[in-house]
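Read the structure below first, then the notes.
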Amino acid sequence: MGELKLHDVRFFRFMPKAIHSIAHQHTTNRVAVSRSDGSIEIYSINDNWYQEKLICGDAGRSVEAMVWVGQRLFSAGLHGDIIEYDMTKLTPKYAVDSYGGAVWCMAANNSQSTIAVGSEDGCVRLFEVTEGELSYSRAFKKQEERILSLAWHESGEVLVTGSCDNIRVWDVATGLPTLRIKVERLVRTRETIVWCVAILRDFTIVSGDSLGKTRFWNGKHGTLIQSHHCHKADVLSMCVSKDETLVWTAGVDPKAIRFEKVAGKDEGSRASWVRHNVAKRHTHDVRALVNTGEYVVSGGVDMTLVAMPVGKLGKQSRNILPFPQRRLVHVAETARTLLFQYQTRLELWQLGNTAAVSGMPDARLPINQEPVSLLDLKTKNMKQIVCSAVSGCGTWVAYGNAQHVRLFHLPKEEGVKVKVQRVRCLPIDLRPAHHMIFTHNASGLVTATNQGAVQFLRVDAVHPVLVHTFVPPESGAPPTPISALAVSSDSQWIAAAHLDCSVHVYNVKARKHQCSLPKHPSLVSAMNFHPTEPWLMVVHASQQFFEYDVLESEYTDWSRTVQRQGLHQEWLKRLEVVTQVAYNPANPTQILLQDQRMFCIIDKDKKLPRPGSQFYSREKLMRMDPAVREENRHAFAVCRGYRALLHVSFLEDGAELVAVERPIKAVTDKLPPTLSQKRFGT
Amino acid sequence: MAASMDGEMAIVQKAGANLVSERPVFSPDSRYVLCCCGFVVKVFSMSSGECVRELTGHKDFITGVKINPHNQFQAFTSSLDKTVKVWDYPDGKLLKTFSVGYPVHALYLLKEEEDAGYAVIRNEDNTFSLVQFSWTNRKGHTIRVETREVLRGVSRHEKHLAFGPEGSFIASVTRNKLTVLFTKSGKVKEFERPRNEFQCVTCHPTDACIATGMQDGKIFLWRGLFQKKEVVRTIYHWHTLPVGDLTFSPEGTHLMSVGQECVLVLWQYNTEKKDFLPRMGSPLCYINSSPDGSLLAVSQVENVVQIVTRSNKVVQVFQGLTRVHIPQLIRSTNPVPTGLLLDPRSQTLVLNGRPGHLQWYNLHTDRHLYNLDIVWQNFVSSRRPWEAPEVVYTEIERTAFDQGGDWLATVERRADGMMAEEVKLKFWSFNKEKQSFELNTTVDCPHQGKVNTLVFQPHSDADLPPTAVSAGDDGKFKTWTLIDDTDIYRENVCWSCDSVGTYRDLEAKDAAFSEDGSLLAVAFGQSLTIWDPYTIDLKTTFCHTFCTEKENIRQVKFGHGNCSHYLITTTPSNLSVWNILSCSLLWTVSCECAVLVADPLSEYMAVFSATSDLTVFKPSSPEPVYTHNKVVQSSVVAAIFFPKQNQGSGEQAVEAPWQKWSELYFMTYDQDLLTLQKDAPQQTRKDVTEELESHLPPTPFSMYLSQVRSGQQGEESHAPVQHGTPGAVAVQQMLQTPAHVLPPVSTLCQSFLQMLLVSKSSAERQDDEDMESDSDEEEKNDQSETSDSEMEDDGATIDASTAKQSTSQSERGSSSHDQTSNQSALDKIHLKETEDFSSIKTSDLSWMKSIF
């Protein structure tokens with residue numbers, strides 16, 4: 001394969017945010033995850049947990065609760081508004097006042113016609129969901145304490161709320177409480193907070209409180225059926241399985257405990273709830289817990305989203321790292337600079353360098369030139385950055401937030417620090433972008449707009465011109481957001497992958513739609529053009545990849561060979577989605593693929609691993625005897641061992657790689673201290 | 001000599017049997033506890049802690065005892081002798097014998113099945129299966145029962161199998177597998193834990209719930225067994241070491257678990273609450289709950305059964321011979337490095353007790369008297385198997401008593417292989433007031449390395465200070481004498497090294513004094529040296545000249561009685577007898593000797609070979625008096641000739657001559673204390689000592705009746721402390737005793753007069769006399785008549801009877817000083833001194849004792 005120098009970059013100090021709430025969409029099996037900065041991520045469970053949408057947050061917006069009504073997503077938080085989101089533009093559509101101050105909890109009834117909102121002032125308010133909007137319906141009788149949790153009965157006639165010291169059962173028709181359950185206090189002066197409630201079909205109320213107790217109540221009489229003191233600290237979240245035989249609870253004590261309803265030994269005897277297994281997948285408070293049917297999804301202060309399979313115990317649980325599955329790092333190949341995209345700022349770094357020549361594989365080289373920070377660019381009003389780009393020569397930087405695209409010129413001047421010039425007069429027609437990329441010669445900026453179109457902007461320090469807006473061919477359905485964007489090195493082709501799995505290729509010179517790729521059921525997670533040929537490499541979330549000749553509108557021969565032989569099982573079994581693909585500019589037979597745990601260089605000239613054979617990673621091969629090594633070597637050279645790999649790409653000469661890693665330890669060290677628990681033997 | 005060879009003697013376990021081999025069982029009224037104890041079942045009284053009945057009749061080890069759920073006065077026992085026997089345990093009568101045809105390893109009885117039981121039997125191919133055996137109510141003493149196999153491939157331990165509520169399912173655990181058999185449908189469910197091992201199983205009394213204890217200390221609760229979907233398994237993890245045993249309370253509200261942590265854990269069922277009873281003393285192996293759930297019986301591996309109330313209070317302790325060698329905990333080559341010793345004062349057996357303790361055990365009454373803490377170190381429960389290094393305990397390696405029992409010397413050693421060895425020689429004096437041994441002198445590192453022997457010099461005259469000799473691996477033997485250590489602050493004596501002797505820098509392996517204490521023999525390597533103990537002059541040396549192999553002498557013993565001029569030595573392959581008068585080798589035989597003991601009361605000696613062959617001989621002749629090949633399967637580690645309780649009485653003529661004065665007890669590696677007896681095991685100890693009261697089931701009428709009765713009794717027993725003269729009781733007893741058994745009046749006089757003296761404290765405790773038990777007492781005295789009055793000055797008899805006195809007292813519930821024997825952990829030791837009758841402790845009945 002030849003020797004490659006690897007820049008192991010660890011100075012990207014991206015800090016993910018804690019998870020506040022999770023909501024599951026049943027029909028399309030998607031999960032919405034909100035974080036403490038108000039951003040919402042939407043994962044497609046069916047498509048290998050691919051993070052398909054990211055709605056940027058706002059400094060003034062908190063998301064404490066989310067609810068799906070059909071395909072519509074509503075969120076509410078401490079700012080006191082209920083917001084519906086535009087799922088194409090990925091921005092808030094409108095906001096409705098809750099009329100009761102901060103909202104702590106929100107739930108939709110079974111028929112998805114009404115949303116109940118529990119707020120600070122102690123009122124439960126109902127909002128009718130109508131076509132295109134949300135309208136205030138009425139309020140229940142006010143109670144003294146704030147409402148911290150609520151749940152609908154399946155019938156939609158009964159609502160149960162949890163607040164300080166009390167659980168109340170409400171009649172929805174009259175808006176009056178029918179039952180009040182007083183929860184005991186451990187210390188007389190300290191109130192017990194009911195953090196989460198659920199009501200089952202048989203009117204069993206399940207509650208989790210700040211004493212760490214999970215309790216099962218008779219919802220008709222208000223009597224306690226069972227109490228399990230399993231948690232050492234507050235029970236913050238709870239979820240119930242669809243058939244209502246399983247209940248999971250989690251909280252400050254980061255255990256997820258499963259309760260199961262067990263029938264007695266004969267028919268007549270009463271079923272009881274027993275504690276089943278305990279899973280400890282988190283290190284910090286678990287704030288949200290959702291049952292999706294197949295998985296129990298949990299998230300909290302430690303930022304990682306964990307999906308535990310419900311049924312088979314043998315199935316592996318899945319950790320989704322808190323980093324966005326998008327490009328946060330951009331490399332200017334010629335200028336050897338790195339652009340880091342944080343939530344509200346950009347950083348430009350000059351890469352370090354070495355003069356030493358390596359003799360040994362995997363040897364560390366001494367650095368003779370330290371990396372230098374060139375630029376730190378903060379957004380106005382702390383607006384969150386959606387996308388950013390840097391040109392290959394390093395003279396142009398662009399970023400987009402929810403409303404605008406900003407372009408900056410960094411003219412090269414010897415001996416002075418970097419000078420930044422903002423290009424002010426951008427064309428009015430330039431839409432807010434979801435993705436952006438500079439052309440290879442830095443003459444143009446390609447943006448994917450929030451309406452599913454692609455815009456080509458000729459970059460100029462004085463007067464940039466919008467050359468053309470490429471609109472996807474009409475298919476009847478409304479346009480979907482673009483998930484990936486690629487420009488060929490000769491700037492002739494632009495490819496845009498949409499969330500409906502279609503990939504459109506546009507001809508820049510002819511300003512027309514060139515072709516569409518055959519639809520694959522899985523989303524495109526990354527794609528790129530061949531440096532010389534009009535070939536497009538497309539990688540899907542299902543780990544499949546194709547190479548497509550856009551001129552001939554057919555798959556290339558190599559891609560056909562790969563598909564005929566089939567990919568190796570080990571490759572398909574990987575959990576992470578490939579977020580980046582690139583050809584080696586010096587040797588285009590080498591293709592670089594990267595996900596969050598590894599990167600891999602596929603050599604087209606080498607034989608593919610046979611499906612049944614052992615799939616050796618590079619580390620294992622290096623440990624083998626040279627003779628055996630050659631025998632077992634295959635086209636996939638996999639470098640494992642990364643915990644959170646955010647970016648890998650080639651530099652211009654094709655002999656150097658830049659790998660940007662964010663060590664998980666550095667992230668977890670910044671977290672607040674955990675609940676201290678006695679461990680045996682310490 | 002030849003005459004005694006005719007009858008092969010049987011190996012029997014007379015005392016010190018293992019109480020904790022199986023789960024203890026409560027009687028339905030919780031007044032008695034039944035423990036399997038070797039070939040017998042002992043019935044202990046809850047109120048007094050005494051063994052009140054022994055169910056003897058089985059010919060092999062008893063593997064289980066169960067109360068008949070349909071008749072609370074019947075107990076079933078299973079044994080390896082292929083039978084199950086039914087007993088009337090309050091009367092100690094054998095009712096029926098069921099012949100099963102296979103060795104029975106565990107027994108289970110269900111309330112639902114009136115004439116059937118379950119047993120775990122061993123098949124011919126050494127596999128174990130659970131069978132159901134049923135009997136009809138037809139007459140006959142021995143009934144051959146039919147068996148029907150229920151489950152194959154079970155484990156032989158009782159705790160590895162449990163029955164669900166109403167017998168709806170059977171849960172059985174083997175190594176890695178839990179098997180549940182549903183009795184109605186006949187379906188079997190299996191659950192495997194490939195990386196864990198099941199230790200025990202129990203079932204909830206009403207719920208369909210199985211609890212299993214695991215090797216890694218987890219407790220699994222398996223529920224939802226009857227549902228179609230996956231079973232629900234809840235983990236409770238507190239134990240760090242393997243879970244020993246589990247049981248549910250009868251109402252099912254609590255789960256009790258025990259393990260090697262010496263902690264009893266009470267788990268509230270279905271909540272996460274748990275409660276502990278810590279510091280139980282030693283690792284726990286079994287637990288059982290009384291039928292009403294108010295009491296728990298907890299077995300400890302050191303052979304103790306403790307009865308604990310639900311409020312975590314220990315109310316009764318049944319202590320057997322402490323088993324030093326706790327399995328999986330203390331691994332040493334010899335469980336009793338001190339050997340078996342006789343305490344000359346109390347005529348009891350002394351040997352290693354729990355780690356760092358010596359125990360006093362009365363063989364005649366089969367009672368553990370107390371433990372003496374020698375090393376003063378806390379017991380540390382063992383670590384988890386993967387946590388090295390394991391705990392090393394300080395072990396008492398050598399112990400010796402002086403002739404009168406006034407001095408005790410101990411050598412303790414701790415060698416963990418990393419630090420320097422810690423060796424301490426301690427001298428203890430007997431404090432007559434406190435009736436216990438007190439530390440007098442501690443000598444750090446008396447020898448470089450191991451101390452091989454420690455003996456006191458027997459003194460014929462009392463003027464000379466007591467002397468002890470120790471010998472060690474450093475090639476020295478040292479004599480220690482008592483010197484005056486009085487200074488201006490106090491009067492004191494202490495032990496100090498008097499002289500040191502060496503011989504050619506060889507290791508000193510053993511030392512022995514001649515019977516009169518005039519000669520000291522020390523074995524150095526292959527040479528045997530004879531010294532004058534007063535001057536430490538080397539008198540002569542003996543050496544095997546014919547020995548081609550250089551073998552070191554292991555043991556040296558002088559003969560006793562008319563063989564006192566013989567010196568017996570053992571090497572790994574030879575036993576030689578030397579005549580000191582002629583300074584020549586008398587005879588030698590080739591024999592791999594492991595243990596050599598001499599009878600202090602006769603000239604006989606016994607030797608156990610490494611292959612556990614016993615030979616009894618007289619030093620004067622190489623002809624064996626008695627041989628017994630392969631006395632036990634395992635090796636013999638210690639032995640003693642123990643003086644008989646009633647020696648010399650004419651009726652014991654059937655005994656072999658060498659057993660006339662003493663009985664030979666020996667301890668095997670498995671810590672079974674065995675002895676030899678002429679005929680098959682029989683009831684040898686005291687007869688019934690307590691009238692077992694049968695308790696009617698608590699019907700309203702019977703409760704009323706009992707109230708009325710107890711009220712009457714209360715009036716009687718709480719009569720004024722002294723009505724009439726102080727000696728009225730004594731007079732009454734004297735008059736009730738038949739005249740022909742009364743000793744001369746002169747003998748009675750002293751103690752009778754003492755009765756009339758009323759000290760304050762004895763007056764206080766006089767009240768717990770009642771008439772009923774007086775008559776009991778009398779009966780007993782009649783029975784123990786065999787010991788004649790001529791034995792009066794014999795310490796052994798007196799002490800034995802004193803012990804008996806204490807038992808009789810405790811049976812009546814006067815818990816005044818019976819506690820001493822039970823609560824040995826308190827380390828407050830009260831030896832009953834026999835001569836000292838002025839002691840307040842000797843209560844008003846003792847005068848009778850001193851007579852017989």
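Ligands are numbered from 1 in the order shown, residues from 1 within each chain, and chains are lettered A, B, ... in the order they appear in the structure tokens.
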
Counting only C-alpha atoms, a student should be able to say which residues of chain A come within 12 Å of chain B; what is the right answer, written as a PyMOL selection string? chain A and resi 212-215+225-232+245-246+257-267+269-279+310-313+679-681

Keeping N, CA and C atoms, export the residues of the selection given above as a short mmCIF file (atom, residue, chain, number, x, y, z; two decimals), in the first residue's frame.
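This went into result-v4.cif:
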```cif
data_model
loop_
_atom_site.label_atom_id
_atom_site.label_comp_id
_atom_site.auth_asym_id
_atom_site.auth_seq_id
_atom_site.Cartn_x
_atom_site.Cartn_y
_atom_site.Cartn_z
N GLY A 212 -35.94 7.45 45.46
CA GLY A 212 -35.35 6.29 44.78
C GLY A 212 -36.29 5.11 44.72
N LYS A 213 -37.55 5.34 45.02
CA LYS A 213 -38.50 4.24 45.04
C LYS A 213 -39.32 4.20 43.76
N THR A 214 -39.50 3.01 43.28
CA THR A 214 -40.41 2.80 42.17
C THR A 214 -41.64 2.15 42.78
N ARG A 215 -42.81 2.78 42.58
CA ARG A 215 -43.98 2.27 43.26
C ARG A 215 -45.11 2.00 42.29
N ILE A 225 -49.62 -0.83 45.77
CA ILE A 225 -49.56 -2.28 45.52
C ILE A 225 -48.17 -2.79 45.88
N GLN A 226 -47.19 -2.14 45.35
CA GLN A 226 -45.83 -2.60 45.60
C GLN A 226 -44.88 -1.42 45.60
N SER A 227 -43.82 -1.55 46.34
CA SER A 227 -42.81 -0.50 46.37
C SER A 227 -41.45 -1.16 46.27
N HIS A 228 -40.66 -0.72 45.34
CA HIS A 228 -39.32 -1.27 45.18
C HIS A 228 -38.32 -0.17 45.43
N HIS A 229 -37.49 -0.37 46.41
CA HIS A 229 -36.46 0.64 46.68
C HIS A 229 -35.17 0.17 46.05
N CYS A 230 -35.09 0.30 44.75
CA CYS A 230 -33.94 -0.24 44.03
C CYS A 230 -32.88 0.81 43.76
N HIS A 231 -33.30 2.05 43.63
CA HIS A 231 -32.34 3.09 43.27
C HIS A 231 -31.81 3.75 44.53
N LYS A 232 -30.56 4.14 44.46
CA LYS A 232 -29.94 4.79 45.60
C LYS A 232 -30.32 6.27 45.63
N THR A 245 -46.08 -5.20 30.23
CA THR A 245 -45.59 -6.18 31.20
C THR A 245 -44.19 -5.81 31.68
N LEU A 246 -43.59 -4.82 31.05
CA LEU A 246 -42.25 -4.44 31.44
C LEU A 246 -42.22 -2.95 31.73
N ILE A 257 -33.18 -0.20 35.59
CA ILE A 257 -33.73 -1.40 36.23
C ILE A 257 -35.00 -1.78 35.51
N ARG A 258 -35.11 -3.05 35.26
CA ARG A 258 -36.26 -3.55 34.53
C ARG A 258 -37.18 -4.28 35.50
N PHE A 259 -38.45 -3.91 35.49
CA PHE A 259 -39.44 -4.61 36.30
C PHE A 259 -40.32 -5.41 35.36
N GLU A 260 -40.68 -6.56 35.79
CA GLU A 260 -41.49 -7.40 34.95
C GLU A 260 -42.70 -7.87 35.74
N LYS A 261 -43.82 -7.91 35.04
CA LYS A 261 -45.04 -8.38 35.67
C LYS A 261 -45.04 -9.89 35.57
N VAL A 262 -45.11 -10.53 36.72
CA VAL A 262 -45.04 -11.99 36.74
C VAL A 262 -46.36 -12.53 37.26
N ALA A 263 -46.93 -13.39 36.47
CA ALA A 263 -48.18 -14.01 36.88
C ALA A 263 -47.90 -15.02 37.98
N GLY A 264 -48.88 -15.27 38.82
CA GLY A 264 -48.74 -16.26 39.88
C GLY A 264 -48.68 -17.66 39.30
N LYS A 265 -48.61 -18.63 40.19
CA LYS A 265 -48.40 -19.97 39.67
C LYS A 265 -49.67 -20.59 39.13
N ASP A 266 -50.82 -20.05 39.51
CA ASP A 266 -52.01 -20.47 38.79
C ASP A 266 -52.81 -19.25 38.35
N GLU A 267 -53.88 -19.51 37.66
CA GLU A 267 -54.59 -18.44 36.96
C GLU A 267 -55.11 -17.38 37.92
N SER A 269 -54.24 -16.31 40.86
CA SER A 269 -53.43 -15.51 41.76
C SER A 269 -53.02 -14.20 41.10
N ARG A 270 -52.80 -13.22 41.96
CA ARG A 270 -52.51 -11.88 41.51
C ARG A 270 -51.10 -11.81 40.93
N ALA A 271 -50.99 -11.08 39.86
CA ALA A 271 -49.67 -10.89 39.27
C ALA A 271 -48.91 -9.86 40.09
N SER A 272 -47.62 -10.02 40.15
CA SER A 272 -46.83 -9.06 40.91
C SER A 272 -45.70 -8.54 40.03
N TRP A 273 -45.24 -7.38 40.39
CA TRP A 273 -44.13 -6.77 39.66
C TRP A 273 -42.85 -7.13 40.38
N VAL A 274 -41.91 -7.71 39.65
CA VAL A 274 -40.65 -8.06 40.29
C VAL A 274 -39.51 -7.39 39.53
N ARG A 275 -38.49 -7.11 40.28
CA ARG A 275 -37.31 -6.53 39.66
C ARG A 275 -36.62 -7.59 38.82
N HIS A 276 -36.30 -7.20 37.63
CA HIS A 276 -35.56 -8.10 36.76
C HIS A 276 -34.11 -7.63 36.77
N ASN A 277 -33.48 -7.65 35.65
CA ASN A 277 -32.04 -7.35 35.68
C ASN A 277 -31.76 -5.86 35.74
N VAL A 278 -30.56 -5.58 36.13
CA VAL A 278 -30.09 -4.21 36.29
C VAL A 278 -29.00 -3.98 35.25
N ALA A 279 -29.14 -2.91 34.50
CA ALA A 279 -28.13 -2.61 33.50
C ALA A 279 -27.48 -1.29 33.88
N VAL A 310 -34.34 -5.16 23.94
CA VAL A 310 -35.30 -5.59 24.96
C VAL A 310 -35.32 -7.10 25.10
N GLY A 311 -35.43 -7.77 23.98
CA GLY A 311 -35.75 -9.19 24.05
C GLY A 311 -34.59 -10.07 24.44
N LYS A 312 -33.82 -10.43 23.48
CA LYS A 312 -32.74 -11.39 23.73
C LYS A 312 -31.67 -10.75 24.58
N LEU A 313 -31.23 -11.50 25.55
CA LEU A 313 -30.21 -10.96 26.43
C LEU A 313 -28.86 -10.93 25.72
N ARG A 679 -18.30 1.28 46.75
CA ARG A 679 -18.02 0.06 45.99
C ARG A 679 -17.29 -0.91 46.91
N PHE A 680 -17.65 -2.16 46.80
CA PHE A 680 -17.03 -3.15 47.68
C PHE A 680 -15.54 -3.23 47.39
N GLY A 681 -14.76 -3.26 48.45
CA GLY A 681 -13.33 -3.43 48.29
C GLY A 681 -12.59 -2.12 48.09
#
```

Strand (DSSP E) per DSSP on the backbone: members of segment 412-563 of chain B, as a count of residues only:
81

TODO: For atom CA of Leu445 of chain A and atom CA of Ile385 of chain A, determine how far apart the two atoms are, in Å to one decimal place.
DONE: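 Separating atom CA of Leu445 of chain A from atom CA of Ile385 of chain A is a distance of 16.9 Å.
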
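The two atoms in question, atom CA of Asn441 of chain A and atom CA of Ser488 of chain A, are spaced 10.6 Å apart.
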
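For the set B:Gly293, B:Asn352, B:Asn68, B:Pro743, the residue with the smallest atom-to-atom gap to Val308 of chain B is B:Gly293, counting only C-alpha atoms.
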
Do a neighbour search on Gly122 of chain A at 12 Å with only C-alpha atoms, toss out local chain neighbours closer than 4 positions, and write the hits as a ChimeraX atom specification. /A:99-105,117-118,139-150,161-164,166,168

Write to file, as an mmCIF file, in the first residue's frame, the residues of the selection just made, with N, CA and C atoms.
```
data_model
loop_
_atom_site.group_PDB
_atom_site.id
_atom_site.type_symbol
_atom_site.label_atom_id
_atom_site.label_comp_id
_atom_site.auth_asym_id
_atom_site.auth_seq_id
_atom_site.Cartn_x
_atom_site.Cartn_y
_atom_site.Cartn_z
ATOM 1 N N TYR A 99 -48.931 29.521 28.412
ATOM 2 C CA TYR A 99 -49.809 30.269 29.334
ATOM 3 C C TYR A 99 -49.598 29.875 30.789
ATOM 4 N N GLY A 100 -48.563 29.146 31.087
ATOM 5 C CA GLY A 100 -48.392 28.756 32.484
ATOM 6 C C GLY A 100 -46.933 28.759 32.892
ATOM 7 N N GLY A 101 -46.139 29.500 32.172
ATOM 8 C CA GLY A 101 -44.728 29.527 32.522
ATOM 9 C C GLY A 101 -43.997 28.298 32.008
ATOM 10 N N ALA A 102 -42.913 28.002 32.689
ATOM 11 C CA ALA A 102 -42.042 26.918 32.237
ATOM 12 C C ALA A 102 -42.801 25.601 32.125
ATOM 13 N N VAL A 103 -42.504 24.882 31.077
ATOM 14 C CA VAL A 103 -43.149 23.588 30.856
ATOM 15 C C VAL A 103 -42.178 22.499 31.302
ATOM 16 N N TRP A 104 -42.665 21.587 32.157
ATOM 17 C CA TRP A 104 -41.832 20.492 32.656
ATOM 18 C C TRP A 104 -42.106 19.192 31.933
ATOM 19 N N CYS A 105 -43.312 19.045 31.448
ATOM 20 C CA CYS A 105 -43.643 17.765 30.862
ATOM 21 C C CYS A 105 -44.746 17.960 29.832
ATOM 22 N N VAL A 117 -49.998 19.567 28.659
ATOM 23 C CA VAL A 117 -48.759 20.211 29.054
ATOM 24 C C VAL A 117 -48.831 20.503 30.546
ATOM 25 N N GLY A 118 -47.827 20.053 31.281
ATOM 26 C CA GLY A 118 -47.775 20.347 32.708
ATOM 27 C C GLY A 118 -46.769 21.446 32.940
ATOM 28 N N ALA A 139 -57.738 24.553 30.422
ATOM 29 C CA ALA A 139 -56.842 24.232 31.529
ATOM 30 C C ALA A 139 -57.608 23.434 32.567
ATOM 31 N N PHE A 140 -56.891 22.557 33.268
ATOM 32 C CA PHE A 140 -57.483 21.827 34.387
ATOM 33 C C PHE A 140 -57.459 22.718 35.614
ATOM 34 N N LYS A 141 -58.109 22.233 36.658
ATOM 35 C CA LYS A 141 -58.108 22.976 37.915
ATOM 36 C C LYS A 141 -56.672 23.109 38.417
ATOM 37 N N LYS A 142 -56.399 24.269 38.931
ATOM 38 C CA LYS A 142 -55.031 24.552 39.338
ATOM 39 C C LYS A 142 -54.699 23.829 40.652
ATOM 40 N N GLN A 143 -53.483 23.337 40.731
ATOM 41 C CA GLN A 143 -53.021 22.764 41.990
ATOM 42 C C GLN A 143 -51.838 23.581 42.479
ATOM 43 N N GLU A 144 -51.426 23.292 43.708
ATOM 44 C CA GLU A 144 -50.431 24.154 44.320
ATOM 45 C C GLU A 144 -49.045 23.970 43.710
ATOM 46 N N GLU A 145 -48.656 22.722 43.545
ATOM 47 C CA GLU A 145 -47.276 22.455 43.162
ATOM 48 C C GLU A 145 -47.161 22.413 41.647
ATOM 49 N N ARG A 146 -45.957 22.623 41.184
ATOM 50 C CA ARG A 146 -45.689 22.507 39.757
ATOM 51 C C ARG A 146 -45.872 21.053 39.318
ATOM 52 N N ILE A 147 -46.218 20.897 38.092
ATOM 53 C CA ILE A 147 -46.450 19.545 37.576
ATOM 54 C C ILE A 147 -45.182 19.087 36.869
ATOM 55 N N LEU A 148 -44.635 18.004 37.366
ATOM 56 C CA LEU A 148 -43.331 17.576 36.868
ATOM 57 C C LEU A 148 -43.427 16.420 35.901
ATOM 58 N N SER A 149 -44.510 15.690 35.958
ATOM 59 C CA SER A 149 -44.625 14.563 35.042
ATOM 60 C C SER A 149 -46.101 14.300 34.814
ATOM 61 N N LEU A 150 -46.416 13.844 33.638
ATOM 62 C CA LEU A 150 -47.805 13.470 33.395
ATOM 63 C C LEU A 150 -47.864 12.340 32.386
ATOM 64 N N THR A 161 -50.846 12.906 36.933
ATOM 65 C CA THR A 161 -49.728 13.838 37.019
ATOM 66 C C THR A 161 -48.955 13.579 38.288
ATOM 67 N N GLY A 162 -47.693 13.869 38.220
ATOM 68 C CA GLY A 162 -46.845 13.758 39.401
ATOM 69 C C GLY A 162 -46.256 15.110 39.721
ATOM 70 N N SER A 163 -46.254 15.440 41.001
ATOM 71 C CA SER A 163 -45.648 16.704 41.418
ATOM 72 C C SER A 163 -45.033 16.486 42.794
ATOM 73 N N CYS A 164 -44.685 17.544 43.469
ATOM 74 C CA CYS A 164 -44.064 17.400 44.778
ATOM 75 C C CYS A 164 -45.067 16.760 45.741
ATOM 76 N N ASN A 166 -47.195 14.613 45.675
ATOM 77 C CA ASN A 166 -48.526 14.173 45.266
ATOM 78 C C ASN A 166 -48.504 13.494 43.906
ATOM 79 N N ARG A 168 -51.680 12.912 41.222
ATOM 80 C CA ARG A 168 -53.107 13.180 41.065
ATOM 81 C C ARG A 168 -53.610 12.479 39.832
#
```
